[in-house]
$ cat data.tsv   # TSV, C-alpha atoms and all ligand atoms
chain	number	residue	atom	x	y	z
A	1	MET	CA	18.78	-0.77	-6.95
A	2	ASP	CA	15.04	-0.44	-6.72
A	3	PRO	CA	14.04	2.81	-8.43
A	4	ARG	CA	10.56	2.76	-6.90
A	5	LEU	CA	11.75	3.73	-3.44
A	6	GLN	CA	12.84	7.18	-4.61
A	7	ILE	CA	9.47	8.21	-5.85
A	8	ILE	CA	7.12	7.34	-3.01
A	9	ASP	CA	7.46	10.60	-1.10
A	10	ARG	CA	6.79	12.56	-4.24
A	11	ARG	CA	3.65	10.54	-4.97
A	12	MET	CA	2.35	11.65	-1.57
A	13	ALA	CA	3.61	15.22	-1.76
A	14	GLY	CA	0.07	16.59	-2.03
A	15	VAL	CA	-1.16	14.73	1.06
A	16	ARG	CA	-1.33	16.82	4.23
A	17	ARG	CA	-1.56	14.07	6.84
A	18	ILE	CA	-1.32	10.30	6.77
A	19	LEU	CA	-3.29	8.37	9.34
A	20	ALA	CA	-2.14	4.75	9.65
A	21	VAL	CA	-4.45	2.34	11.49
A	22	THR	CA	-2.67	-0.64	13.01
A	23	GLY	CA	-2.77	-2.98	16.00
A	24	GLY	CA	-0.93	-6.24	15.61
A	25	LYS	CA	-3.82	-8.67	16.01
A	26	GLY	CA	-6.51	-9.63	13.53
A	27	GLY	CA	-10.23	-9.25	14.10
A	28	ILE	CA	-10.02	-6.27	16.45
A	29	GLY	CA	-11.58	-3.68	14.15
A	30	LYS	CA	-8.62	-2.09	12.33
A	31	SER	CA	-10.34	-2.15	8.95
A	32	SER	CA	-13.62	-1.01	10.46
A	33	LEU	CA	-11.92	1.93	12.13
A	34	ALA	CA	-9.89	2.87	9.03
A	35	ALA	CA	-12.88	2.70	6.69
A	36	THR	CA	-15.31	4.59	8.92
A	37	ALA	CA	-12.72	7.20	9.92
A	38	ALA	CA	-12.10	7.89	6.21
A	39	LEU	CA	-15.85	8.07	5.55
A	40	TRP	CA	-16.35	10.38	8.52
A	41	LEU	CA	-13.62	12.76	7.33
A	42	ALA	CA	-14.99	12.75	3.78
A	43	ARG	CA	-18.47	13.55	5.07
A	44	ARG	CA	-16.98	16.37	7.09
A	45	GLY	CA	-16.00	17.88	3.74
A	46	GLU	CA	-12.33	16.98	3.71
A	47	ARG	CA	-10.43	15.57	0.75
A	48	VAL	CA	-9.75	11.99	1.77
A	49	GLY	CA	-7.97	8.96	0.39
A	50	LEU	CA	-8.29	5.40	1.72
A	51	LEU	CA	-5.54	2.88	1.04
A	52	ASP	CA	-6.08	-0.77	1.95
A	53	LEU	CA	-2.74	-2.44	2.58
A	54	ASP	CA	-4.10	-5.69	3.96
A	55	PHE	CA	-3.29	-7.76	0.88
A	56	CYS	CA	-4.38	-11.06	2.39
A	57	GLY	CA	-7.71	-9.92	3.76
A	58	PRO	CA	-8.65	-6.65	2.08
A	59	SER	CA	-11.96	-5.57	3.61
A	60	THR	CA	-12.42	-1.81	3.50
A	61	HIS	CA	-14.22	-2.10	0.14
A	62	VAL	CA	-16.71	-4.46	1.73
A	63	ILE	CA	-17.27	-2.20	4.72
A	64	LEU	CA	-17.96	0.82	2.51
A	65	GLY	CA	-19.81	-1.11	-0.22
A	66	ILE	CA	-17.34	-0.08	-2.90
A	67	ARG	CA	-17.55	-1.96	-6.21
A	68	ASP	CA	-15.88	-1.35	-9.54
A	69	ALA	CA	-13.83	1.64	-8.43
A	70	ARG	CA	-10.94	0.76	-10.70
A	71	PRO	CA	-8.05	3.19	-10.78
A	72	VAL	CA	-7.27	4.94	-14.05
A	73	GLU	CA	-3.84	4.69	-15.72
A	74	ASP	CA	-2.52	8.18	-16.20
A	75	GLY	CA	1.17	8.78	-15.53
A	76	GLY	CA	0.74	6.13	-12.84
A	77	LEU	CA	-2.52	5.01	-11.27
A	78	VAL	CA	-5.11	7.55	-10.23
A	79	PRO	CA	-7.51	6.11	-7.64
A	80	ALA	CA	-11.19	6.33	-8.49
A	81	ILE	CA	-13.58	8.24	-6.25
A	82	ALA	CA	-16.05	6.04	-4.37
A	83	GLN	CA	-18.30	7.02	-1.44
A	84	GLY	CA	-16.75	10.49	-1.61
A	85	LEU	CA	-13.17	9.37	-1.19
A	86	ARG	CA	-10.23	8.28	-3.34
A	87	PHE	CA	-9.95	4.55	-2.92
A	88	MET	CA	-7.08	2.15	-3.58
A	89	SER	CA	-6.88	-1.53	-2.73
A	90	ILE	CA	-5.40	-4.72	-4.10
A	91	VAL	CA	-8.94	-5.92	-4.82
A	92	HIS	CA	-8.85	-3.90	-8.02
A	93	PHE	CA	-6.27	-6.35	-9.34
A	94	ILE	CA	-7.37	-9.67	-7.89
A	95	ASP	CA	-11.16	-9.68	-8.01
A	96	ASP	CA	-12.41	-12.13	-5.41
A	97	ARG	CA	-9.53	-14.55	-5.65
A	98	PRO	CA	-7.15	-15.38	-2.83
A	99	ALA	CA	-3.69	-13.86	-3.19
A	100	PRO	CA	-1.18	-16.54	-2.12
A	101	LEU	CA	1.75	-14.17	-1.56
A	102	ARG	CA	4.72	-14.74	0.69
A	103	GLY	CA	5.89	-11.94	2.98
A	104	GLN	CA	8.53	-10.46	0.73
A	105	GLU	CA	6.17	-10.50	-2.22
A	106	ILE	CA	3.47	-8.71	-0.26
A	107	SER	CA	6.10	-6.08	0.48
A	108	ASN	CA	7.03	-5.90	-3.16
A	109	ALA	CA	3.43	-5.44	-4.26
A	110	LEU	CA	2.92	-2.82	-1.57
A	111	ILE	CA	6.00	-0.87	-2.73
A	112	GLU	CA	4.68	-1.01	-6.28
A	113	LEU	CA	1.31	0.40	-5.22
A	114	LEU	CA	2.93	3.19	-3.21
A	115	ALA	CA	5.24	4.05	-6.12
A	116	ILE	CA	2.63	4.25	-8.85
A	117	THR	CA	-0.46	5.64	-7.09
A	118	ARG	CA	-1.03	9.33	-7.72
A	119	TRP	CA	-3.08	10.60	-4.80
A	120	GLY	CA	-3.17	14.23	-5.86
A	121	ASP	CA	-4.09	16.79	-3.22
A	122	LEU	CA	-5.62	15.32	-0.08
A	123	ASP	CA	-6.19	16.54	3.45
A	124	TRP	CA	-6.03	12.98	4.79
A	125	LEU	CA	-4.81	9.67	3.57
A	126	VAL	CA	-6.15	6.92	5.85
A	127	ILE	CA	-4.33	3.59	5.61
A	128	ASP	CA	-5.52	0.20	6.76
A	129	MET	CA	-2.03	-1.12	7.55
A	130	PRO	CA	-0.84	-4.69	6.96
A	131	PRO	CA	-1.71	-6.90	9.95
A	132	GLY	CA	1.05	-8.38	12.10
A	133	PHE	CA	4.60	-7.15	12.54
A	134	SER	CA	6.40	-8.82	9.63
A	135	ASP	CA	7.87	-7.57	6.35
A	136	PRO	CA	4.77	-5.83	5.01
A	137	LEU	CA	4.21	-3.73	8.13
A	138	LEU	CA	7.89	-2.94	8.54
A	139	ASP	CA	8.27	-1.97	4.89
A	140	ALA	CA	5.12	0.14	4.90
A	141	ALA	CA	6.26	1.91	8.07
A	142	ARG	CA	9.71	2.56	6.60
A	143	LEU	CA	8.33	3.94	3.35
A	144	LEU	CA	5.54	6.02	4.86
A	145	GLY	CA	7.84	8.29	6.81
A	146	ARG	CA	5.21	10.89	7.66
A	147	ALA	CA	2.48	8.55	8.83
A	148	GLU	CA	0.90	9.03	12.26
A	149	TYR	CA	-0.31	5.85	13.93
A	150	LEU	CA	-3.60	4.95	15.52
A	151	VAL	CA	-3.30	1.72	17.47
A	152	VAL	CA	-6.47	-0.35	17.92
A	153	THR	CA	-6.95	-2.58	20.91
A	154	THR	CA	-9.83	-4.38	22.62
A	155	PRO	CA	-10.62	-5.07	26.28
A	156	SER	CA	-9.30	-8.63	25.97
A	157	VAL	CA	-6.04	-9.38	27.71
A	158	LEU	CA	-5.08	-11.32	24.58
A	159	THR	CA	-5.18	-8.12	22.59
A	160	THR	CA	-3.55	-5.86	25.12
A	161	GLU	CA	-0.52	-8.14	25.32
A	162	THR	CA	-0.03	-7.73	21.56
A	163	VAL	CA	-0.69	-4.01	21.73
A	164	ARG	CA	2.00	-3.61	24.37
A	165	LYS	CA	4.40	-5.29	21.96
A	166	ALA	CA	3.20	-3.04	19.14
A	167	LEU	CA	3.78	0.08	21.22
A	168	GLN	CA	7.21	-1.18	22.20
A	169	LEU	CA	8.10	-1.79	18.56
A	170	PHE	CA	6.79	1.61	17.46
A	171	ARG	CA	8.90	3.23	20.13
A	172	GLU	CA	11.99	1.41	18.88
A	173	LEU	CA	11.21	2.36	15.30
A	174	ARG	CA	10.51	5.94	16.43
A	175	LEU	CA	7.11	5.99	14.77
A	176	PRO	CA	4.75	8.69	15.99
A	177	VAL	CA	1.74	7.18	17.76
A	178	LEU	CA	-1.26	9.49	18.01
A	179	GLY	CA	-2.84	7.21	20.55
A	180	VAL	CA	-4.68	4.01	21.34
A	181	VAL	CA	-8.35	3.36	20.64
A	182	GLU	CA	-10.19	0.69	22.57
A	183	ASN	CA	-12.67	-1.07	20.32
A	184	MET	CA	-15.48	-3.46	21.29
A	185	HIS	CA	-15.77	-1.84	24.66
A	186	ARG	CA	-18.52	-3.13	26.96
A	187	GLY	CA	-19.88	-0.93	29.65
A	188	ASP	CA	-18.98	-2.94	32.73
A	189	GLU	CA	-15.38	-3.65	31.89
A	190	PRO	CA	-12.52	-1.98	33.72
A	191	PRO	CA	-10.74	0.80	31.88
A	192	LEU	CA	-7.84	-0.24	29.82
A	193	ALA	CA	-5.52	2.64	30.57
A	194	ALA	CA	-3.86	0.73	33.41
A	195	GLN	CA	-2.71	-1.98	31.01
A	196	LEU	CA	-0.96	0.58	28.86
A	197	ALA	CA	0.92	2.08	31.77
A	198	GLY	CA	4.55	2.72	31.01
A	199	PHE	CA	3.86	4.02	27.52
A	200	ASP	CA	3.61	7.70	26.94
A	201	VAL	CA	0.67	7.28	24.60
A	202	PRO	CA	-2.80	8.74	25.08
A	203	LEU	CA	-5.94	6.63	25.20
A	204	LEU	CA	-8.02	8.44	22.60
A	205	GLY	CA	-11.35	6.88	23.45
A	206	ALA	CA	-13.48	3.78	23.36
A	207	ILE	CA	-15.77	2.42	20.68
A	208	PRO	CA	-18.61	0.37	22.15
A	209	PHE	CA	-19.43	-3.10	20.93
A	210	ASP	CA	-22.28	-2.33	18.55
A	211	ASP	CA	-24.78	-5.07	17.77
A	212	ALA	CA	-26.09	-3.05	14.82
A	213	TYR	CA	-22.71	-2.65	13.16
A	214	GLU	CA	-22.53	-5.98	11.31
A	215	ALA	CA	-25.89	-5.43	9.62
A	216	ALA	CA	-24.81	-1.97	8.42
A	217	LEU	CA	-21.71	-3.23	6.61
A	218	GLY	CA	-21.65	-2.29	2.94
A	219	ASP	CA	-24.27	0.43	3.32
A	220	VAL	CA	-22.73	3.82	4.06
A	221	GLU	CA	-26.04	5.46	4.95
A	222	ARG	CA	-26.71	2.87	7.63
A	223	LEU	CA	-23.09	2.94	8.77
A	224	ALA	CA	-23.27	6.67	9.28
A	225	HIS	CA	-26.04	6.14	11.84
A	226	THR	CA	-24.35	3.40	13.83
A	227	THR	CA	-23.08	3.89	17.35
A	228	PHE	CA	-19.82	2.51	16.00
A	229	MET	CA	-19.26	5.23	13.42
A	230	ARG	CA	-20.41	8.03	15.72
A	231	ALA	CA	-17.85	6.90	18.29
A	232	VAL	CA	-15.17	6.80	15.60
A	233	GLY	CA	-16.21	10.28	14.54
A	234	ARG	CA	-15.76	11.67	18.03
A	235	ILE	CA	-12.25	10.22	18.19
A	236	VAL	CA	-11.36	11.53	14.73
A	237	ASP	CA	-12.71	14.98	15.58
A	238	ALA	CA	-10.61	15.05	18.73
A	239	ILE	CA	-7.45	14.08	16.84
A	240	THR	CA	-7.98	16.61	14.11
A	241	ALA	CA	-8.86	19.40	16.53
A	242	ARG	CA	-5.66	18.81	18.45
A	243	ARG	CA	-3.24	19.55	15.67
A	244	ASP	CA	-5.15	21.67	13.13
B	1	MET	CA	0.32	4.89	-18.66
B	2	HIS	CA	2.17	3.67	-15.66
B	3	GLU	CA	5.43	3.38	-17.64
B	4	TRP	CA	5.65	7.10	-16.91
B	5	ALA	CA	5.61	6.55	-13.17
B	6	LEU	CA	8.43	4.03	-13.46
B	7	ALA	CA	10.48	6.26	-15.78
B	8	ASP	CA	10.12	9.07	-13.31
B	9	ALA	CA	11.37	6.81	-10.52
B	10	VAL	CA	14.38	5.68	-12.58
B	11	VAL	CA	15.55	9.22	-13.31
B	12	ALA	CA	15.04	10.37	-9.70
B	13	THR	CA	17.04	7.39	-8.45
B	14	ALA	CA	19.88	7.94	-10.94
B	15	VAL	CA	20.18	11.58	-9.90
B	16	LYS	CA	20.26	10.56	-6.24
B	17	ILE	CA	23.04	8.03	-6.86
B	18	ALA	CA	25.03	10.56	-8.90
B	19	GLN	CA	24.78	13.07	-6.06
B	20	GLN	CA	25.92	10.46	-3.56
B	21	GLN	CA	28.89	9.57	-5.76
B	22	GLY	CA	29.72	13.19	-6.49
B	23	LEU	CA	29.23	12.77	-10.24
B	24	GLN	CA	28.84	16.03	-12.19
B	25	GLN	CA	27.26	14.32	-15.13
B	26	ILE	CA	25.43	11.08	-15.87
B	27	GLY	CA	26.58	9.63	-19.20
B	28	GLU	CA	24.57	6.43	-19.10
B	29	ILE	CA	21.93	4.68	-17.08
B	30	ASN	CA	21.85	0.89	-17.23
B	31	LEU	CA	18.47	-0.69	-16.68
B	32	ARG	CA	17.04	-4.15	-16.63
B	33	LEU	CA	13.45	-4.65	-17.68
B	34	GLY	CA	11.89	-7.80	-16.32
B	35	GLU	CA	9.49	-9.51	-18.67
B	36	LEU	CA	6.87	-10.14	-15.97
B	37	GLN	CA	5.80	-6.51	-15.79
B	38	GLN	CA	5.38	-6.27	-19.59
B	39	ILE	CA	6.66	-2.74	-19.81
B	40	ASP	CA	6.01	-1.28	-23.23
B	41	ARG	CA	9.58	-0.57	-24.18
B	42	GLU	CA	8.83	2.17	-26.69
B	43	VAL	CA	6.55	4.00	-24.29
B	44	PHE	CA	9.10	3.53	-21.53
B	45	GLU	CA	12.00	4.94	-23.58
B	46	PHE	CA	9.83	7.83	-24.69
B	47	ALA	CA	8.85	8.48	-21.05
B	48	LEU	CA	12.48	8.30	-19.88
B	49	ARG	CA	13.37	11.07	-22.35
B	50	HIS	CA	10.41	13.20	-21.39
B	51	VAL	CA	10.71	13.02	-17.61
B	52	LEU	CA	14.28	14.33	-17.81
B	53	PRO	CA	14.39	17.78	-16.27
B	54	PRO	CA	15.07	20.17	-19.16
B	55	ASP	CA	18.36	22.09	-19.15
B	56	ASP	CA	19.84	20.00	-16.34
B	57	PRO	CA	23.56	19.77	-17.16
B	58	MET	CA	23.83	16.59	-15.14
B	59	LEU	CA	21.54	14.74	-17.54
B	60	ALA	CA	22.38	16.43	-20.84
B	61	GLY	CA	23.32	13.70	-23.30
B	62	VAL	CA	22.40	10.77	-21.05
B	63	GLN	CA	22.03	7.37	-22.72
B	64	PHE	CA	19.66	4.71	-21.49
B	65	ILE	CA	20.93	1.19	-21.93
B	66	ILE	CA	18.09	-1.25	-21.45
B	67	GLU	CA	18.46	-4.99	-21.18
B	68	ALA	CA	15.44	-7.29	-21.22
B	69	GLU	CA	15.33	-10.11	-18.70
B	70	PRO	CA	13.10	-13.16	-19.16
B	71	ALA	CA	10.87	-13.94	-16.20
B	72	GLU	CA	11.80	-17.17	-14.49
B	73	LEU	CA	9.58	-18.85	-11.92
B	74	ARG	CA	10.32	-21.69	-9.55
B	75	CYS	CA	7.76	-23.79	-7.72
B	76	LEU	CA	8.26	-23.96	-3.96
B	77	ALA	CA	6.09	-27.06	-3.71
B	78	CYS	CA	7.79	-29.33	-6.28
B	79	GLY	CA	10.92	-27.44	-7.35
B	80	HIS	CA	9.99	-27.19	-11.03
B	81	ALA	CA	11.46	-24.12	-12.76
B	82	TRP	CA	9.91	-22.58	-15.84
B	83	LEU	CA	9.80	-19.45	-17.94
B	84	LEU	CA	6.79	-17.21	-17.69
B	85	ALA	CA	6.50	-17.12	-21.46
B	86	GLU	CA	5.20	-20.72	-21.30
B	87	SER	CA	2.29	-19.74	-19.07
B	88	PHE	CA	1.64	-16.32	-20.44
B	89	ALA	CA	0.14	-16.96	-23.83
B	90	ALA	CA	-2.91	-18.61	-22.27
B	91	LEU	CA	-3.85	-15.67	-20.03
B	92	PRO	CA	-6.74	-13.37	-20.98
B	93	ALA	CA	-5.98	-9.67	-21.48
B	94	ASP	CA	-7.41	-8.46	-18.15
B	95	GLN	CA	-5.22	-10.85	-16.18
B	96	ARG	CA	-2.14	-9.74	-18.12
B	97	GLU	CA	-3.14	-6.17	-17.38
B	98	ALA	CA	-3.34	-6.89	-13.63
B	99	ILE	CA	0.14	-8.45	-13.75
B	100	HIS	CA	1.41	-5.43	-15.66
B	101	LEU	CA	0.16	-3.10	-12.94
B	102	LEU	CA	1.05	-5.30	-9.98
B	103	PRO	CA	3.43	-8.14	-10.98
B	104	GLU	CA	2.81	-10.13	-7.79
B	105	THR	CA	-0.72	-10.85	-8.98
B	106	VAL	CA	0.94	-13.47	-11.20
B	107	HIS	CA	0.37	-15.78	-8.22
B	108	ILE	CA	-3.33	-15.44	-8.67
B	109	TYR	CA	-3.44	-16.17	-12.37
B	110	VAL	CA	-0.55	-18.58	-12.97
B	111	THR	CA	0.16	-21.96	-11.35
B	112	CYS	CA	3.07	-24.39	-11.60
B	113	PRO	CA	2.85	-26.29	-14.91
B	114	ALA	CA	4.09	-29.46	-13.16
B	115	CYS	CA	1.95	-29.58	-10.00
B	116	GLU	CA	-0.47	-26.62	-10.27
B	117	SER	CA	0.67	-25.01	-7.03
B	118	PRO	CA	0.34	-21.21	-6.81
B	119	ASP	CA	3.22	-21.21	-4.31
B	120	PHE	CA	6.17	-20.33	-6.53
B	121	GLU	CA	8.85	-17.70	-6.46
B	122	ILE	CA	9.82	-15.14	-9.04
B	123	VAL	CA	13.49	-15.95	-9.52
B	124	ALA	CA	14.25	-13.36	-12.19
B	125	GLY	CA	12.62	-10.79	-14.44
B	126	ARG	CA	10.07	-9.15	-12.14
B	127	GLY	CA	10.19	-5.48	-13.03
B	128	VAL	CA	12.37	-2.44	-13.56
B	129	ALA	CA	15.82	-2.47	-11.93
B	130	LEU	CA	18.47	0.18	-12.11
B	131	ILE	CA	21.76	-1.70	-12.49
B	132	SER	CA	24.29	1.12	-12.62
B	133	ILE	CA	25.01	4.60	-13.83
B	134	GLY	CA	28.11	5.82	-15.61
B	135	GLY	CA	29.73	9.23	-15.76
C	1	LIG	N1	-17.26	-2.15	17.85
C	1	LIG	C1	-17.70	-3.24	17.19
C	1	LIG	N2	-18.94	-3.73	17.42
C	1	LIG	C2	-19.37	-4.82	16.76
C	1	LIG	N3	-18.65	-5.52	15.88
C	1	LIG	C3	-17.40	-5.08	15.59
C	1	LIG	C4	-16.88	-3.92	16.23
C	1	LIG	N4	-15.63	-3.72	15.74
C	1	LIG	C5	-15.39	-4.70	14.85
C	1	LIG	N5	-16.46	-5.53	14.75
C	1	LIG	C6	-16.55	-6.75	13.94
C	1	LIG	O1	-15.38	-7.53	14.20
C	1	LIG	C7	-14.90	-8.15	13.05
C	1	LIG	C8	-13.46	-7.73	12.78
C	1	LIG	O2	-13.41	-6.37	12.38
C	1	LIG	P1	-12.34	-5.86	11.32
C	1	LIG	O3	-12.57	-4.40	11.15
C	1	LIG	O4	-12.36	-6.69	10.09
C	1	LIG	O5	-10.99	-6.14	12.14
C	1	LIG	P2	-9.48	-6.25	11.63
C	1	LIG	O6	-9.33	-5.37	10.44
C	1	LIG	O7	-8.67	-5.80	12.81
C	1	LIG	O8	-9.22	-7.69	11.32
C	1	LIG	C9	-15.85	-7.78	11.93
C	1	LIG	O9	-16.78	-8.82	11.78
C	1	LIG	C10	-16.53	-6.53	12.44
C	1	LIG	O10	-17.82	-6.41	11.93
C	2	MG	MG	-8.62	-5.90	8.51
C	3	ZN	ZN	5.13	-27.39	-8.74

$ encode --input "data.tsv" --output "structure tokens"
Amino acid sequence: MDPRLQIIDRRMAGVRRILAVTGGKGGIGKSSLAATAALWLARRGERVGLLDLDFCGPSTHVILGIRDARPVEDGGLVPAIAQGLRFMSIVHFIDDRPAPLRGQEISNALIELLAITRWGDLDWLVIDMPPGFSDPLLDAARLLGRAEYLVVTTPSVLTTETVRKALQLFRELRLPVLGVVENMHRGDEPPLAAQLAGFDVPLLGAIPFDDAYEAALGDVERLAHTTFMRAVGRIVDAITARRD
Amino acid sequence: MHEWALADAVVATAVKIAQQQGLQQIGEINLRLGELQQIDREVFEFALRHVLPPDDPMLAGVQFIIEAEPAELRCLACGHAWLLAESFAALPADQREAIHLLPETVHIYVTCPACESPDFEIVAGRGVALISIGG
């Protein structure tokens, strides 16, 4: 029996809400949304944690320009504070090296992190969820019972096909979906809502394709002024207003 | 120390199992400690004692029986099997520390001694396992 599974809920007992950012496909802006949503909430004065569970391509530390925020060992691991939020990622343990882990091992590492990280009291824990629908995502979803899901999509039909599958899966797993966010939106494209017909899930808003976003990566002051992050902020404000 | 987090998890799990089995009292908890995670056994035993809820009749007098398990690795590229101890001595302290905190990082710091592939599996001895409890 794996003793770690018993303890995960207790490690998160002080966390009010868990926001899990997902979306099946890679390269659609999941990490960008997770990182900037966490930064937005922190700048709004909330107590925020950011957990990067993409063990193959961790990127939230790059987006927020976080370096050397090593967790401290104290009855577990206490995440360091960086850019105003408590930050935890596998990068603390692997430096810049590739992590050649098979699916079940990614799951195992993820369970370990969930079992030993002491988040303390937080208003929000934002999670950049494992990409895809295999072991790591399924295990994370199973172990994060209280998480509420934000599903990222883009205007491309290639993405919406995957997102439809994601929504179907979430429905079967009975995971609560807060809504869908359309990233990389361009003004003249048709609205995406029609493609999500049949799912009882709100479209929370669109984030425009922002030519200035790439150059702002790693610099939180510049990020805060991007069209990208302001759009994320509006979506986050709407979500938090709804249930608070 | 993160031994405390693991000790905490062990006791919570034992109590859960006892409740499921309708046990009034836990006499012993059998654990296996995998070598890969390099748990400090003294710290761990100390932590196990100290995370016990005081005055809980269920756990009064509980014994912890801890068995160490060597870490065995097997290469998925060439099939070679080896014991971690052979690779471990050469690792610098910070890499051993990373493996202690997150045993899967062994894939980043250790490669197959026969063919140098990082694609191997951990056959035995990863971390803490609760084997059984006794009344
Ligand atoms: N709205 C946007 N405007 C411009 N570039 C974006 C936008 N959203 C994401 N990107 C870029 O797309 C790439 C993928 O984003 P990322 O957040 O890493 O996606 P994922 O985590 O889903 O793989 C990155 O290079 C990022 O800078
Ligand atoms: Mg990503
Ligand atoms: Zn080999």

$ residues_near_ligand --input "data.tsv" --ligand "ligand MG 2 (chain C)" --cutoff "8 Å" --atoms "only C-alpha atoms and all ligand atoms" --output "PyMOL selection string"
chain A and resi 26-27+29-32+54+57-60+128+131

$ residues_around --input "data.tsv" --residues "range 75-91 of chain A" --least-positions-apart "5" --cutoff "9 Å" --atoms "all atoms listed in the file" --output "compact mmCIF listing (two decimals) with C-alpha atoms, in the coordinates of the input"
# COMPACT_ATOMS: atom_id res chain seq x y z
CA ALA A 38 -12.10 7.89 6.21
CA LEU A 39 -15.85 8.07 5.55
CA ALA A 42 -14.99 12.75 3.78
CA ARG A 43 -18.47 13.55 5.07
CA ARG A 47 -10.43 15.57 0.75
CA VAL A 48 -9.75 11.99 1.77
CA GLY A 49 -7.97 8.96 0.39
CA LEU A 50 -8.29 5.40 1.72
CA LEU A 51 -5.54 2.88 1.04
CA ASP A 52 -6.08 -0.77 1.95
CA LEU A 53 -2.74 -2.44 2.58
CA ASP A 54 -4.10 -5.69 3.96
CA PHE A 55 -3.29 -7.76 0.88
CA PRO A 58 -8.65 -6.65 2.08
CA SER A 59 -11.96 -5.57 3.61
CA THR A 60 -12.42 -1.81 3.50
CA HIS A 61 -14.22 -2.10 0.14
CA LEU A 64 -17.96 0.82 2.51
CA GLY A 65 -19.81 -1.11 -0.22
CA ILE A 66 -17.34 -0.08 -2.90
CA ARG A 67 -17.55 -1.96 -6.21
CA ALA A 69 -13.83 1.64 -8.43
CA ARG A 70 -10.94 0.76 -10.70
CA ASP A 96 -12.41 -12.13 -5.41
CA ARG A 97 -9.53 -14.55 -5.65
CA ALA A 109 3.43 -5.44 -4.26
CA LEU A 110 2.92 -2.82 -1.57
CA LEU A 113 1.31 0.40 -5.22
CA ALA A 115 5.24 4.05 -6.12
CA ILE A 116 2.63 4.25 -8.85
CA THR A 117 -0.46 5.64 -7.09
CA ARG A 118 -1.03 9.33 -7.72
CA TRP A 119 -3.08 10.60 -4.80
CA GLY A 120 -3.17 14.23 -5.86
CA LEU A 125 -4.81 9.67 3.57
CA VAL A 220 -22.73 3.82 4.06
CA MET B 1 0.32 4.89 -18.66
CA HIS B 2 2.17 3.67 -15.66
CA GLU B 3 5.43 3.38 -17.64
CA TRP B 4 5.65 7.10 -16.91
CA ALA B 5 5.61 6.55 -13.17
CA LEU B 6 8.43 4.03 -13.46
CA LEU B 101 0.16 -3.10 -12.94
CA LEU B 102 1.05 -5.30 -9.98

$ residues_near_ligand --input "data.tsv" --ligand "ligand LIG 1 (chain C)" --cutoff "10 Å" --atoms "only C-alpha atoms and all ligand atoms" --output "compact mmCIF listing (two decimals) with C-alpha atoms, in the coordinates of the input"
# COMPACT_ATOMS: atom_id res chain seq x y z
CA VAL A 21 -4.45 2.34 11.49
CA THR A 22 -2.67 -0.64 13.01
CA GLY A 23 -2.77 -2.98 16.00
CA GLY A 24 -0.93 -6.24 15.61
CA LYS A 25 -3.82 -8.67 16.01
CA GLY A 26 -6.51 -9.63 13.53
CA GLY A 27 -10.23 -9.25 14.10
CA ILE A 28 -10.02 -6.27 16.45
CA GLY A 29 -11.58 -3.68 14.15
CA LYS A 30 -8.62 -2.09 12.33
CA SER A 31 -10.34 -2.15 8.95
CA SER A 32 -13.62 -1.01 10.46
CA LEU A 33 -11.92 1.93 12.13
CA ALA A 34 -9.89 2.87 9.03
CA ALA A 35 -12.88 2.70 6.69
CA THR A 36 -15.31 4.59 8.92
CA ASP A 54 -4.10 -5.69 3.96
CA GLY A 57 -7.71 -9.92 3.76
CA PRO A 58 -8.65 -6.65 2.08
CA SER A 59 -11.96 -5.57 3.61
CA THR A 60 -12.42 -1.81 3.50
CA VAL A 62 -16.71 -4.46 1.73
CA ILE A 63 -17.27 -2.20 4.72
CA ASP A 128 -5.52 0.20 6.76
CA MET A 129 -2.03 -1.12 7.55
CA PRO A 130 -0.84 -4.69 6.96
CA PRO A 131 -1.71 -6.90 9.95
CA VAL A 152 -6.47 -0.35 17.92
CA THR A 153 -6.95 -2.58 20.91
CA THR A 154 -9.83 -4.38 22.62
CA GLU A 182 -10.19 0.69 22.57
CA ASN A 183 -12.67 -1.07 20.32
CA MET A 184 -15.48 -3.46 21.29
CA HIS A 185 -15.77 -1.84 24.66
CA ARG A 186 -18.52 -3.13 26.96
CA ALA A 206 -13.48 3.78 23.36
CA ILE A 207 -15.77 2.42 20.68
CA PRO A 208 -18.61 0.37 22.15
CA PHE A 209 -19.43 -3.10 20.93
CA ASP A 210 -22.28 -2.33 18.55
CA ASP A 211 -24.78 -5.07 17.77
CA ALA A 212 -26.09 -3.05 14.82
CA TYR A 213 -22.71 -2.65 13.16
CA GLU A 214 -22.53 -5.98 11.31
CA ALA A 215 -25.89 -5.43 9.62
CA ALA A 216 -24.81 -1.97 8.42
CA LEU A 217 -21.71 -3.23 6.61
CA THR A 226 -24.35 3.40 13.83
CA THR A 227 -23.08 3.89 17.35
CA PHE A 228 -19.82 2.51 16.00
CA MET A 229 -19.26 5.23 13.42
CA ALA A 231 -17.85 6.90 18.29
CA VAL A 232 -15.17 6.80 15.60

$ axis_aligned_box --input "data.tsv" --around "range 141-152 of chain A" --padding-each-side "6 Å" --output "JSON"
{"center_x": 1.6, "center_y": 5.3, "center_z": 10.6, "size_x": 28.2, "size_y": 23.2, "size_z": 26.6}

$ closest_residue --input "data.tsv" --among "B:His107, B:Arg126, B:His80, B:Arg96" --to "ligand ZN 3 (chain C)" --atoms "only C-alpha atoms and all ligand atoms"
B:His80

$ interface_residues --input "data.tsv" --of "chain B" --to "chain A" --cutoff "9 Å" --atoms "only C-alpha atoms" --output "VMD selection string"
chain B and resid 1 to 14 16 95 97 to 99 101 to 105 107 to 109 118 to 119 121 128 to 132

$ residues_around --input "data.tsv" --residues "range 111-115 of chain B" --least-positions-apart "6" --cutoff "10 Å" --atoms "only C-alpha atoms" --output "count of residues only"
12
